[in-house]
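Undergrad: Got a structure for you, start_23.cif, holding mmCIF, C-alpha atoms and all ligand atoms.
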data_coords
#
loop_
_atom_site.label_atom_id
_atom_site.label_comp_id
_atom_site.auth_asym_id
_atom_site.auth_seq_id
_atom_site.Cartn_x
_atom_site.Cartn_y
_atom_site.Cartn_z
CA LYS Z 1 -19.55 -0.73 -19.50
CA GLU Z 2 -15.85 -0.05 -19.20
CA THR Z 3 -15.97 2.15 -22.30
CA PHE Z 4 -18.81 4.26 -20.90
CA ALA Z 5 -17.10 4.58 -17.52
CA THR Z 6 -13.95 5.83 -19.29
CA ILE Z 7 -15.89 8.25 -21.48
CA LYS Z 8 -17.82 9.73 -18.56
CA GLN Z 9 -14.65 10.35 -16.64
CA ARG Z 10 -12.43 11.69 -19.46
CA ASP Z 11 -15.12 13.65 -21.25
CA GLN Z 12 -15.52 16.01 -18.28
CA LYS Z 13 -12.20 17.41 -19.43
CA LEU Z 14 -12.39 16.82 -23.20
CA ALA Z 15 -16.03 17.36 -24.17
CA ALA Z 16 -15.62 15.09 -27.20
CA PHE Z 17 -19.16 13.65 -27.21
CA LEU Z 18 -22.49 15.32 -27.97
CA THR Z 19 -24.68 12.26 -27.42
CA LEU Z 20 -24.07 8.89 -25.77
CA ASN Z 21 -25.84 5.75 -26.95
CA GLU Z 22 -25.43 3.93 -23.66
CA GLN Z 23 -28.62 1.96 -23.27
CA THR Z 24 -28.76 0.64 -26.84
CA ALA Z 25 -25.03 -0.08 -26.87
CA LEU Z 26 -25.18 -2.11 -23.69
CA GLU Z 27 -28.18 -4.06 -25.00
CA GLN Z 28 -26.31 -4.82 -28.24
CA ALA Z 29 -23.26 -5.92 -26.28
CA ALA Z 30 -25.34 -8.21 -24.07
CA LEU Z 31 -26.92 -9.75 -27.15
CA LEU Z 32 -23.54 -10.41 -28.76
CA ASP Z 33 -22.39 -11.93 -25.49
CA GLN Z 34 -25.41 -14.23 -25.43
CA ASN Z 35 -25.33 -15.33 -29.07
CA GLY Z 36 -21.59 -15.45 -29.56
CA VAL Z 37 -19.81 -13.77 -32.44
CA ASP Z 38 -18.34 -14.98 -35.69
CA PRO Z 39 -14.63 -15.50 -34.93
CA GLU Z 40 -13.82 -14.39 -38.48
CA ASN Z 41 -15.39 -11.02 -37.80
CA ILE Z 42 -12.60 -9.01 -36.25
CA LEU Z 43 -14.77 -5.94 -35.59
CA ALA Z 44 -17.50 -7.76 -33.66
CA GLY Z 45 -18.34 -5.96 -30.45
CA ILE Z 46 -15.80 -3.19 -30.99
CA PRO Z 47 -17.10 0.13 -29.60
CA LEU Z 48 -16.69 3.00 -32.06
CA ALA Z 49 -17.62 6.69 -31.96
CA ILE Z 50 -19.33 8.42 -34.88
CA LYS Z 51 -19.02 12.05 -35.97
CA ASP Z 52 -22.35 13.74 -35.50
CA ASN Z 53 -22.85 14.66 -39.16
CA ILE Z 54 -23.38 10.96 -40.02
CA VAL Z 55 -27.02 10.04 -39.60
CA THR Z 56 -27.84 7.29 -37.14
CA LYS Z 57 -31.33 5.79 -37.02
CA ASP Z 58 -33.17 6.74 -33.83
CA LEU Z 59 -30.04 8.34 -32.39
CA ARG Z 60 -29.97 12.14 -32.27
CA THR Z 61 -27.87 13.63 -35.10
CA THR Z 62 -27.16 17.36 -34.90
CA ALA Z 63 -24.21 18.26 -37.18
CA ALA Z 64 -23.41 20.43 -34.13
CA SER Z 65 -26.05 22.90 -35.32
CA LYS Z 66 -28.95 24.43 -33.46
CA ILE Z 67 -31.02 23.88 -36.58
CA LEU Z 68 -30.80 20.09 -36.02
CA GLU Z 69 -30.68 20.19 -32.23
CA ASN Z 70 -33.45 17.61 -31.80
CA PHE Z 71 -33.20 15.73 -35.08
CA GLN Z 72 -33.86 11.97 -34.78
CA PRO Z 73 -33.05 10.36 -38.15
CA ILE Z 74 -35.43 7.68 -39.41
CA TYR Z 75 -32.69 5.93 -41.37
CA ASN Z 76 -29.02 5.00 -41.16
CA ALA Z 77 -26.15 6.30 -43.25
CA THR Z 78 -24.81 3.47 -45.42
CA VAL Z 79 -21.62 3.34 -43.34
CA MET Z 80 -23.74 2.71 -40.24
CA ASP Z 81 -25.54 -0.20 -41.90
CA LYS Z 82 -22.18 -1.60 -42.95
CA LEU Z 83 -20.79 -1.31 -39.42
CA ALA Z 84 -23.94 -2.94 -38.05
CA VAL Z 85 -23.36 -5.95 -40.32
CA LYS Z 86 -19.90 -6.19 -38.73
CA GLN Z 87 -21.54 -6.06 -35.26
CA VAL Z 88 -19.74 -2.87 -34.34
CA ILE Z 89 -21.25 -1.01 -31.38
CA THR Z 90 -21.88 2.72 -31.67
CA VAL Z 91 -21.10 4.30 -28.32
CA GLY Z 92 -22.07 7.84 -29.24
CA LYS Z 93 -21.86 10.87 -31.50
CA THR Z 94 -18.90 13.20 -31.44
CA ASN Z 95 -18.60 16.96 -31.60
CA LEU Z 96 -17.61 18.88 -34.75
CA ASP Z 97 -17.62 22.33 -36.27
CA GLU Z 98 -21.20 23.11 -37.29
CA PHE Z 99 -21.92 21.22 -40.55
CA ALA Z 100 -18.18 20.34 -40.63
CA MET Z 101 -17.27 23.94 -41.45
CA GLY Z 102 -14.12 24.75 -39.58
CA GLY Z 103 -10.76 23.49 -38.44
CA SER Z 104 -10.91 23.73 -34.65
CA THR Z 105 -14.30 22.39 -33.47
CA GLU Z 106 -14.86 25.85 -31.97
CA ASN Z 107 -17.74 26.38 -34.43
CA SER Z 108 -19.92 23.80 -32.67
CA ALA Z 109 -23.21 25.27 -31.44
CA PHE Z 110 -22.97 23.13 -28.29
CA LYS Z 111 -19.51 22.79 -26.76
CA ILE Z 112 -15.79 23.27 -27.27
CA THR Z 113 -13.83 20.02 -27.45
CA LYS Z 114 -10.27 20.12 -26.06
CA ASN Z 115 -7.08 18.63 -27.48
CA ALA Z 116 -6.32 15.28 -25.87
CA TRP Z 117 -2.71 16.32 -25.06
CA ASP Z 118 -3.23 19.87 -23.83
CA GLN Z 119 -6.63 21.18 -22.86
CA THR Z 120 -5.73 24.78 -23.66
CA LYS Z 121 -5.34 23.79 -27.33
CA VAL Z 122 -7.93 23.02 -29.99
CA PRO Z 123 -8.38 19.40 -31.09
CA GLY Z 124 -8.43 20.53 -34.72
CA GLY Z 125 -11.48 20.06 -36.84
CA SER Z 126 -13.91 19.58 -38.01
CA SER Z 127 -13.74 15.98 -36.69
CA GLY Z 128 -12.25 17.25 -33.41
CA GLY Z 129 -14.57 15.20 -31.20
CA SER Z 130 -13.72 11.94 -32.97
CA ALA Z 131 -9.98 12.68 -32.83
CA ALA Z 132 -9.94 13.63 -29.14
CA ALA Z 133 -12.06 10.58 -28.25
CA VAL Z 134 -9.58 8.24 -29.96
CA ALA Z 135 -6.40 9.95 -28.77
CA SER Z 136 -7.57 9.98 -25.15
CA GLY Z 137 -8.44 6.28 -25.22
CA GLU Z 138 -12.18 6.83 -24.79
CA VAL Z 139 -12.60 4.61 -27.86
CA ILE Z 140 -10.14 2.80 -30.10
CA GLY Z 141 -11.67 4.07 -33.30
CA ALA Z 142 -14.09 6.61 -34.73
CA LEU Z 143 -15.54 7.78 -38.00
CA GLY Z 144 -14.99 11.32 -39.21
CA SER Z 145 -15.58 13.18 -42.45
CA ASP Z 146 -13.09 15.13 -44.54
CA THR Z 147 -14.02 17.80 -47.08
CA GLY Z 148 -10.84 19.88 -46.85
CA GLY Z 149 -8.83 18.15 -44.13
CA SER Z 150 -11.32 17.45 -41.38
CA ILE Z 151 -10.08 13.92 -40.66
CA ARG Z 152 -6.38 14.45 -41.28
CA GLN Z 153 -5.83 17.75 -39.45
CA PRO Z 154 -7.51 16.70 -36.17
CA ALA Z 155 -5.67 13.35 -36.42
CA ALA Z 156 -2.42 15.35 -36.72
CA PHE Z 157 -3.27 17.66 -33.80
CA ASN Z 158 -4.06 14.67 -31.57
CA GLY Z 159 -1.26 12.30 -32.62
CA ILE Z 160 -3.39 9.56 -34.19
CA VAL Z 161 -3.98 7.98 -37.61
CA GLY Z 162 -6.66 9.48 -39.86
CA VAL Z 163 -7.50 8.50 -43.42
CA LYS Z 164 -9.53 10.33 -46.02
CA PRO Z 165 -10.26 7.72 -48.67
CA THR Z 166 -10.41 8.35 -52.42
CA TYR Z 167 -13.53 10.29 -53.40
CA GLY Z 168 -16.11 7.61 -54.15
CA ARG Z 169 -14.49 4.86 -52.08
CA VAL Z 170 -17.01 5.23 -49.25
CA SER Z 171 -20.70 6.00 -49.70
CA ARG Z 172 -21.79 9.50 -48.70
CA PHE Z 173 -25.42 8.41 -48.27
CA GLY Z 174 -26.44 9.71 -44.86
CA LEU Z 175 -23.45 12.01 -44.46
CA ILE Z 176 -25.04 15.42 -43.96
CA ALA Z 177 -23.89 17.17 -47.14
CA PHE Z 178 -21.43 20.05 -46.95
CA ALA Z 179 -19.54 20.10 -50.28
CA SER Z 180 -20.71 17.07 -52.22
CA SER Z 181 -17.83 16.96 -54.71
CA MET Z 182 -15.30 16.57 -51.87
CA ASP Z 183 -17.01 15.09 -48.76
CA GLN Z 184 -15.72 11.64 -47.74
CA ILE Z 185 -16.15 9.56 -44.58
CA GLY Z 186 -13.07 7.85 -43.12
CA PRO Z 187 -11.64 6.24 -39.97
CA LEU Z 188 -9.61 7.74 -37.09
CA THR Z 189 -7.64 5.20 -35.04
CA ARG Z 190 -4.52 4.80 -32.96
CA THR Z 191 -2.82 2.39 -35.36
CA VAL Z 192 -2.52 2.05 -39.13
CA LYS Z 193 -3.82 -1.51 -39.10
CA ASP Z 194 -6.94 -0.64 -37.08
CA ASN Z 195 -7.57 2.08 -39.61
CA ALA Z 196 -7.32 -0.37 -42.53
CA LEU Z 197 -9.72 -2.78 -40.82
CA ILE Z 198 -12.38 -0.10 -40.39
CA LEU Z 199 -11.97 1.17 -43.97
CA ASN Z 200 -12.45 -2.42 -45.15
CA ALA Z 201 -15.82 -2.47 -43.41
CA ILE Z 202 -17.20 0.83 -44.76
CA SER Z 203 -15.92 0.85 -48.37
CA GLY Z 204 -17.71 -0.10 -51.55
CA VAL Z 205 -20.28 0.92 -54.12
CA ASP Z 206 -23.71 1.92 -52.87
CA PRO Z 207 -26.89 2.20 -54.97
CA HIS Z 208 -27.90 5.15 -52.76
CA ASP Z 209 -24.84 7.20 -53.76
CA ALA Z 210 -24.36 7.68 -57.50
CA THR Z 211 -20.84 9.01 -56.90
CA SER Z 212 -19.72 5.89 -55.02
CA SER Z 213 -17.26 3.89 -57.08
CA THR Z 214 -17.60 0.42 -58.56
CA GLN Z 215 -13.83 -0.11 -58.18
CA SER Z 216 -13.19 -3.37 -56.33
CA VAL Z 217 -12.22 -3.00 -52.69
CA PRO Z 218 -8.98 -4.77 -51.80
CA ASP Z 219 -8.23 -5.94 -48.25
CA PHE Z 220 -6.45 -2.85 -46.91
CA ALA Z 221 -5.08 -4.78 -43.94
CA ALA Z 222 -3.40 -7.40 -46.14
CA GLY Z 223 0.23 -7.00 -47.11
CA LEU Z 224 1.16 -4.87 -44.13
CA ASP Z 225 4.60 -6.36 -43.58
CA GLY Z 226 6.79 -3.29 -43.15
CA ASP Z 227 8.58 -3.83 -46.45
CA ILE Z 228 8.56 -0.69 -48.60
CA LYS Z 229 11.90 -1.18 -50.35
CA GLY Z 230 11.91 0.60 -53.69
CA MET Z 231 8.86 2.74 -52.95
CA ARG Z 232 9.19 6.04 -54.79
CA ILE Z 233 8.25 9.00 -52.60
CA ALA Z 234 7.87 12.60 -53.77
CA VAL Z 235 8.11 15.62 -51.49
CA PRO Z 236 6.54 18.75 -53.00
CA LYS Z 237 8.78 21.71 -52.35
CA GLU Z 238 5.69 23.85 -51.69
CA TYR Z 239 4.93 21.58 -48.71
CA LEU Z 240 8.10 22.46 -46.82
CA GLY Z 241 8.39 26.09 -47.83
CA LYS Z 242 7.57 29.31 -46.06
CA GLY Z 243 4.52 29.28 -43.84
CA ILE Z 244 5.45 25.87 -42.43
CA ALA Z 245 6.60 26.12 -38.80
CA ALA Z 246 10.23 25.15 -38.15
CA ASP Z 247 9.34 22.40 -35.67
CA VAL Z 248 6.93 20.82 -38.16
CA ARG Z 249 9.54 20.99 -40.92
CA GLU Z 250 12.10 19.31 -38.69
CA ALA Z 251 9.75 16.44 -37.78
CA ILE Z 252 8.95 15.87 -41.45
CA GLN Z 253 12.65 15.92 -42.32
CA ASN Z 254 13.18 13.18 -39.72
CA ALA Z 255 10.32 11.20 -41.24
CA ILE Z 256 11.95 11.49 -44.68
CA ASN Z 257 15.17 10.06 -43.20
CA THR Z 258 13.20 7.16 -41.73
CA PHE Z 259 11.60 6.37 -45.08
CA GLU Z 260 15.02 6.39 -46.73
CA LYS Z 261 16.34 4.00 -44.08
CA LEU Z 262 13.39 1.74 -44.83
CA GLY Z 263 14.58 1.53 -48.45
CA ALA Z 264 12.30 4.08 -50.11
CA SER Z 265 13.71 6.66 -52.49
CA VAL Z 266 12.76 10.27 -51.81
CA ALA Z 267 12.92 13.14 -54.31
CA GLU Z 268 11.70 16.71 -54.50
CA VAL Z 269 8.87 17.62 -56.88
CA SER Z 270 6.63 20.63 -57.44
CA LEU Z 271 2.86 21.10 -57.24
CA PRO Z 272 2.89 24.60 -58.73
CA HIS Z 273 -0.88 25.24 -58.48
CA SER Z 274 -1.31 24.03 -54.90
CA LYS Z 275 -0.88 27.61 -53.72
CA TYR Z 276 -4.31 28.36 -55.19
CA GLY Z 277 -5.88 25.48 -53.26
CA VAL Z 278 -7.28 27.53 -50.39
CA PRO Z 279 -9.10 30.20 -52.44
CA VAL Z 280 -10.35 27.61 -54.95
CA TYR Z 281 -11.60 25.38 -52.14
CA TYR Z 282 -13.41 28.15 -50.29
CA ILE Z 283 -15.26 29.18 -53.45
CA ILE Z 284 -16.21 25.64 -54.49
CA ALA Z 285 -16.98 24.30 -51.00
CA SER Z 286 -19.04 27.38 -50.08
CA SER Z 287 -20.94 27.27 -53.37
CA GLU Z 288 -21.85 23.63 -52.85
CA ALA Z 289 -22.70 24.32 -49.21
CA SER Z 290 -25.00 27.21 -50.09
CA SER Z 291 -26.91 24.85 -52.34
CA ASN Z 292 -26.90 21.87 -49.94
CA LEU Z 293 -28.03 23.91 -46.96
CA GLN Z 294 -31.15 25.22 -48.72
CA ARG Z 295 -32.99 22.20 -47.36
CA PHE Z 296 -32.81 23.62 -43.83
CA ASP Z 297 -35.84 25.82 -44.31
CA GLY Z 298 -37.40 25.66 -40.85
CA ILE Z 299 -40.05 23.28 -42.16
CA ARG Z 300 -38.60 19.93 -43.07
CA TYR Z 301 -36.13 19.52 -40.23
CA GLY Z 302 -35.31 20.77 -36.81
CA TYR Z 303 -35.65 24.29 -35.54
CA ARG Z 304 -38.57 26.50 -36.62
CA ALA Z 305 -38.98 30.11 -35.53
CA GLN Z 306 -42.33 30.70 -33.84
CA ASP Z 307 -42.97 34.45 -34.11
CA VAL Z 308 -43.72 34.47 -37.86
CA LYS Z 309 -46.20 36.27 -40.09
CA ASN Z 310 -45.70 34.51 -43.44
CA LEU Z 311 -43.64 31.89 -45.27
CA GLU Z 312 -40.64 34.07 -45.95
CA ASP Z 313 -40.59 34.93 -42.28
CA VAL Z 314 -40.33 31.20 -41.46
CA TYR Z 315 -37.27 30.83 -43.68
CA VAL Z 316 -35.54 34.03 -42.66
CA LYS Z 317 -36.14 33.81 -38.93
CA SER Z 318 -35.45 30.08 -38.61
CA ARG Z 319 -32.21 30.28 -40.57
CA SER Z 320 -31.07 33.55 -39.01
CA LYS Z 321 -31.52 32.19 -35.53
CA ALA Z 322 -30.33 28.62 -35.89
CA PHE Z 323 -27.29 28.83 -38.20
CA GLY Z 324 -24.01 29.94 -36.65
CA ASP Z 325 -21.75 32.71 -37.97
CA GLU Z 326 -19.38 30.50 -39.96
CA VAL Z 327 -22.24 28.68 -41.70
CA LYS Z 328 -23.82 32.02 -42.64
CA ARG Z 329 -20.49 33.32 -43.91
CA ARG Z 330 -20.21 30.29 -46.24
CA ILE Z 331 -23.81 30.51 -47.45
CA MET Z 332 -23.26 34.17 -48.36
CA LEU Z 333 -19.90 33.55 -50.04
CA GLY Z 334 -21.31 30.57 -51.96
CA THR Z 335 -24.48 32.32 -53.05
CA PHE Z 336 -22.38 35.24 -54.24
CA SER Z 337 -19.97 33.00 -56.21
CA LEU Z 338 -22.86 31.27 -57.97
CA SER Z 339 -24.82 34.43 -58.83
CA ALA Z 340 -25.36 35.31 -62.50
CA GLY Z 341 -23.07 38.34 -62.43
CA THR Z 342 -20.19 36.67 -60.59
CA TYR Z 343 -20.36 33.01 -61.64
CA ASP Z 344 -17.78 33.28 -64.44
CA ALA Z 345 -15.26 35.23 -62.38
CA PHE Z 346 -15.60 33.07 -59.25
CA PHE Z 347 -17.16 29.62 -59.46
CA LYS Z 348 -16.18 28.87 -63.05
CA LYS Z 349 -12.66 30.20 -62.58
CA ALA Z 350 -12.25 28.14 -59.40
CA ALA Z 351 -13.44 25.01 -61.23
CA GLN Z 352 -10.83 25.65 -63.94
CA VAL Z 353 -8.00 26.09 -61.44
CA ARG Z 354 -9.19 22.92 -59.71
CA THR Z 355 -8.42 21.05 -62.94
CA LEU Z 356 -4.88 22.47 -62.93
CA ILE Z 357 -4.39 21.27 -59.34
CA CYS Z 358 -5.58 17.77 -60.35
CA ARG Z 359 -3.12 17.72 -63.27
CA ASP Z 360 -0.20 18.65 -61.00
CA PHE Z 361 -0.88 15.54 -58.95
CA ALA Z 362 -1.44 13.28 -61.97
CA LYS Z 363 1.93 14.31 -63.33
CA VAL Z 364 3.72 13.38 -60.09
CA TYR Z 365 2.05 9.94 -59.96
CA ARG Z 366 3.51 9.08 -63.36
CA ASP Z 367 6.89 8.71 -61.63
CA TYR Z 368 6.11 8.26 -57.93
CA ASP Z 369 4.01 6.01 -55.69
CA LEU Z 370 3.39 8.43 -52.87
CA ILE Z 371 3.55 12.10 -51.93
CA LEU Z 372 4.81 13.07 -48.47
CA GLY Z 373 4.59 16.27 -46.47
CA PRO Z 374 3.20 17.74 -43.25
CA THR Z 375 -0.54 17.52 -42.56
CA ALA Z 376 -0.80 21.05 -41.19
CA PRO Z 377 1.61 24.02 -41.11
CA THR Z 378 1.66 24.12 -37.28
CA THR Z 379 0.88 21.96 -34.28
CA ALA Z 380 -2.42 22.55 -32.44
CA PHE Z 381 -3.10 26.23 -31.77
CA GLY Z 382 -4.70 27.70 -28.66
CA ILE Z 383 -8.45 27.72 -28.05
CA GLY Z 384 -9.71 31.19 -29.01
CA GLU Z 385 -6.49 32.09 -30.83
CA ASP Z 386 -7.73 32.10 -34.45
CA ILE Z 387 -11.49 32.03 -34.14
CA ASP Z 388 -11.99 35.73 -34.95
CA ASP Z 389 -9.71 35.57 -37.97
CA PRO Z 390 -11.29 33.34 -40.64
CA VAL Z 391 -8.50 33.80 -43.17
CA THR Z 392 -5.79 32.58 -40.75
CA MET Z 393 -8.07 29.67 -39.89
CA TYR Z 394 -8.59 28.87 -43.60
CA MET Z 395 -4.83 28.97 -44.29
CA ASN Z 396 -4.35 26.12 -41.81
CA ASP Z 397 -5.88 23.82 -44.47
CA ILE Z 398 -3.38 24.71 -47.17
CA LEU Z 399 -1.74 21.24 -47.14
CA THR Z 400 -4.88 19.11 -46.93
CA ILE Z 401 -7.25 20.92 -49.31
CA PRO Z 402 -5.53 20.10 -52.66
CA VAL Z 403 -6.03 16.39 -51.85
CA ASN Z 404 -9.82 16.86 -51.63
CA LEU Z 405 -9.93 19.00 -54.76
CA ALA Z 406 -8.22 16.14 -56.63
CA GLY Z 407 -10.23 13.36 -54.94
CA LEU Z 408 -7.09 11.56 -53.74
CA PRO Z 409 -6.67 9.37 -50.65
CA GLY Z 410 -4.65 10.92 -47.82
CA MET Z 411 -3.43 9.75 -44.42
CA SER Z 412 -2.16 11.65 -41.41
CA LEU Z 413 -0.05 9.78 -38.90
CA PRO Z 414 2.01 10.78 -35.88
CA ALA Z 415 5.58 11.94 -36.58
CA GLY Z 416 6.82 12.92 -33.14
CA PHE Z 417 6.18 15.77 -30.75
CA SER Z 418 7.13 19.41 -30.39
CA ASN Z 419 6.62 21.15 -27.04
CA GLY Z 420 4.35 18.33 -25.93
CA LEU Z 421 2.14 18.54 -29.01
CA PRO Z 422 1.97 15.94 -31.80
CA VAL Z 423 3.19 16.68 -35.33
CA GLY Z 424 1.27 15.09 -38.21
CA LEU Z 425 2.87 13.50 -41.27
CA GLN Z 426 0.71 13.41 -44.38
CA LEU Z 427 0.92 10.72 -47.05
CA ILE Z 428 -1.01 11.14 -50.29
CA ALA Z 429 -1.51 8.34 -52.83
CA ASN Z 430 -2.99 8.13 -56.30
CA GLN Z 431 -6.71 7.58 -56.71
CA PHE Z 432 -7.91 4.23 -55.30
CA ASP Z 433 -4.41 3.37 -54.09
CA GLU Z 434 -5.14 3.41 -50.34
CA GLN Z 435 -3.09 0.20 -50.15
CA THR Z 436 0.10 2.17 -50.73
CA LEU Z 437 -0.87 4.59 -47.96
CA TYR Z 438 -1.40 1.76 -45.52
CA ARG Z 439 1.77 -0.08 -46.50
CA ALA Z 440 3.88 3.05 -46.08
CA GLY Z 441 2.12 4.13 -42.88
CA TYR Z 442 2.52 0.69 -41.35
CA ALA Z 443 6.24 0.59 -42.15
CA PHE Z 444 6.74 4.04 -40.65
CA GLU Z 445 4.75 3.86 -37.40
N1 LIG Z 501 -11.38 23.36 -42.35
C1 LIG Z 501 -11.99 23.17 -43.62
C2 LIG Z 501 -13.26 23.98 -43.72
O1 LIG Z 501 -13.49 24.72 -42.84
C3 LIG Z 501 -12.24 21.72 -43.86
C4 LIG Z 501 -13.48 21.21 -43.23
C5 LIG Z 501 -13.75 19.79 -43.57
O2 LIG Z 501 -12.91 19.06 -44.08
N2 LIG Z 501 -14.99 19.39 -43.31
O3 LIG Z 501 -14.00 23.91 -44.64
#
What would the structure in this file look like if it were written as structure tokens?
TA:
Amino acid sequence: KETFATIKQRDQKLAAFLTLNEQTALEQAALLDQNGVDPENILAGIPLAIKDNIVTKDLRTTAASKILENFQPIYNATVMDKLAVKQVITVGKTNLDEFAMGGSTENSAFKITKNAWDQTKVPGGSSGGSAAAVASGEVIGALGSDTGGSIRQPAAFNGIVGVKPTYGRVSRFGLIAFASSMDQIGPLTRTVKDNALILNAISGVDPHDATSSTQSVPDFAAGLDGDIKGMRIAVPKEYLGKGIAADVREAIQNAINTFEKLGASVAEVSLPHSKYGVPVYYIIASSEASSNLQRFDGIRYGYRAQDVKNLEDVYVKSRSKAFGDEVKRRIMLGTFSLSAGTYDAFFKKAAQVRTLICRDFAKVYRDYDLILGPTAPTTAFGIGEDIDDPVTMYMNDILTIPVNLAGLPGMSLPAGFSNGLPVGLQLIANQFDEQTLYRAGYAFE
């Protein structure tokens, strides 16, 4: 009840939620109260918010798109079933850029979420609703999804902890597909330890997702003792070069000093192909999106145009009316990149450069435990500032995207403030080494 009272008050200003699950949540809470909870189960009764591109049985799931405005899923995403086992309570569904395409949450078909620290600024995106809800204290944790930075960048803009796990660590079953070779679900929280506890609950192989990994899942919350003596940290010179705002660079420099004081060694390295990350990502992600979004045909789900003469009319009118501009831009770009005449020059070339980006990282992890840099080149920008300039908006992802292309785990955590806005520090570990992220993050925070 307290959670809902807080949300109703603060969300007038923030607009973080699209749907509240009040009645069901209160019933679940009453039931837990009656039956008692397993004292070993640390997440029992904890209210969490869920990004609205994760399907929730009987609870409206929109992906912030008009095409799914009234979609009531008949099944749960695997992460939701896992949270239910832990007796977590879903308080509601949070706003995002339509189909998770964007970095400011301004591409939602329904509302514009505000930054928790300054309501003239964007909360980042695409998990902007989840990040604002956590940073404002509406909830203590939320799930987001990250295809090119959508957990880490909003976490940075709101001064909280966000983790994109290794590709395959968490099942994507029931995550509305954007770019299937990069999409991952992960937690947004105020502390590193809370984050580890939630990742513990949602990780693991899933028969419903053939790309989920059979790697064993360690206890991410174990071994958080603040001792990182001897940890070898690499700072890519491309991550502090031109294009990175001076205030962000200064905060990251301070963070480097802190890590050295904690006993880590820090050295400069190079990720020479990371500069191609943004173009490679926008070709691959859009190609996969154009394929994934074919299923929204006006028949199987959601919105269907009424004034139609034939089948093609159903497709064209439903999709023209119910997809937003950014989604259409990506479908066109992706369809173009995959076409017979352009495939070799675009999609295939991007896939090849992706391999070079992966190799850059693999080389660094031969000698280092962790990569460190900023999460985003700037602090949160103003609402309306970049929305008409897609390329500027895309460049904001330059530091997060290579991590998705290589399938690595990444964390953003608060590293101070500049002009009242949080600066995000990004840590990147080798595949399936989330433990190192959590150990380093815990020592730093
Ligand atoms: N901002 C990036 C994009 O627009 C990343 C989005 C995401 O991670 N879902 O595609």
Undergrad: Take every atom of ligand LIG 501 (chain Z) listed in the file, pad by 8 Å on each side, and give me the axis-aligned box centre and edge lengths in Å, one decimal, as lines of an AutoDock Vina configuration file.
TA:
center_x = -13.2
center_y = 21.9
center_z = -43.5
size_x = 19.6
size_y = 21.7
size_z = 18.3
Undergrad: List as a list in words the protein and nucleic acid residues near Asp52 (chain Z), meaning an atom at most 8 Å away when only C-alpha atoms are counted, but skip any in the same chain fewer than 3 places from it.
TA: Leu18, Val55, Thr61, Thr62, Ala63, Ala64, Lys93, Thr94, Asn95 and Leu96 of chain Z
Undergrad: At a cut-off of 10 Å and counting all atoms listed in the file, what residues surround ligand LIG 501 (chain Z)? Please answer as a PyMOL selection string.
TA: chain Z and resi 96-105+107+124-127+144-154+164+177-179+182-185+278+281-282+285-286+289+326-327+330+390+393-398+400-401+404
Undergrad: Write out, as JSON lines, each residue of region 70-127 of chain Z that has an atom at most 8 Å from region 197-221 of chain Z, together with the closest pair of atoms and their distance in Å to one decimal, counting all atoms listed in the file, rows going by chain and rising number.
TA:
{"residue": "Z:Thr78", "atom": "CA", "partner": "Z:Asp206", "partner_atom": "CA", "distance": 7.7}
{"residue": "Z:Val79", "atom": "CA", "partner": "Z:Ile202", "partner_atom": "CA", "distance": 5.3}
{"residue": "Z:Lys82", "atom": "CA", "partner": "Z:Ile202", "partner_atom": "CA", "distance": 5.8}
{"residue": "Z:Leu83", "atom": "CA", "partner": "Z:Ala201", "partner_atom": "CA", "distance": 6.5}
{"residue": "Z:Lys86", "atom": "CA", "partner": "Z:Ala201", "partner_atom": "CA", "distance": 7.2}
Undergrad: Could you tell me how far CA of Asn430 (chain Z) lies from CA of Gly168 (chain Z), in Å and to one decimal?
TA: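 According to the coordinates, CA of Asn430 (chain Z) and CA of Gly168 (chain Z) are separated by 13.3 Å.
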Undergrad: Using only C-alpha atoms, determine which residues lie at most 9 Å from Phe444 (chain Z), disregarding the query and same-chain residues fewer than 3 positions distant; provide the list as a list in words.
TA: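 The contact residues come out as Gly226, Ala255, Thr258, Phe259, Leu262, Ala415, Arg439, Ala440 and Gly441 of chain Z.
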Undergrad: One decimal, in Å: what's the spacing between CA of Val266 (chain Z) and CA of Gln253 (chain Z)?
TA: 11.0 Å
Undergrad: With a distance cut-off of 10 Å and all atoms listed in the file, select the neighbouring residues of Thr375 (chain Z), excluding the residue or stretch itself and same-chain residues fewer than 2 positions from it, and output the selection as a ChimeraX atom specification.
TA: /Z:149,152-157,239,248,252,372-373,377-379,396-400,410-414,423-427
Undergrad: As an exercise, work out the distance from CA of Gln119 (chain Z) to CA of Ser418 (chain Z) in Å and give it to one decimal place.
TA: 15.8 Å
Undergrad: Give me the residues near Asn53 (chain Z) as a list in words, where near means some atom within 6 Å (using only C-alpha atoms) and where sequence neighbours in that chain fewer than 2 positions away do not count.
TA: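 Everything that qualifies: Lys51, Ala63, Leu175 and Ile176 of chain Z.
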Undergrad: Using all atoms listed in the file, which of Z:Leu32, Z:Val134, Z:Ile67, Z:Val139 sits nearest Gln87 (chain Z)?
TA: Z:Leu32
Undergrad: Using only C-alpha atoms, what residues lie at most 12 Å away from (-20.1, 3.3, -21.4) (file coordinates), given as a PyMOL selection string?
TA: chain Z and resi 1-11+17+19-27+29+47-49+89-92+138-139
Undergrad: Can you list, as a PDB file with C-alpha atoms, keeping the file's coordinate frame, every protein, DNA or RNA residue that comes within 9 Å of Tyr75 (chain Z) when you count all atoms listed in the file, leaving out same-chain residues fewer than 6 positions away?
TA:
ATOM      1  CA  VAL Z  55     -27.020  10.040 -39.600  1.00  0.00           C
ATOM      2  CA  THR Z  56     -27.840   7.290 -37.140  1.00  0.00           C
ATOM      3  CA  LYS Z  57     -31.330   5.790 -37.020  1.00  0.00           C
ATOM      4  CA  ASP Z  58     -33.170   6.740 -33.830  1.00  0.00           C
ATOM      5  CA  GLY Z 174     -26.440   9.710 -44.860  1.00  0.00           C
TER       6      GLY Z 174
END
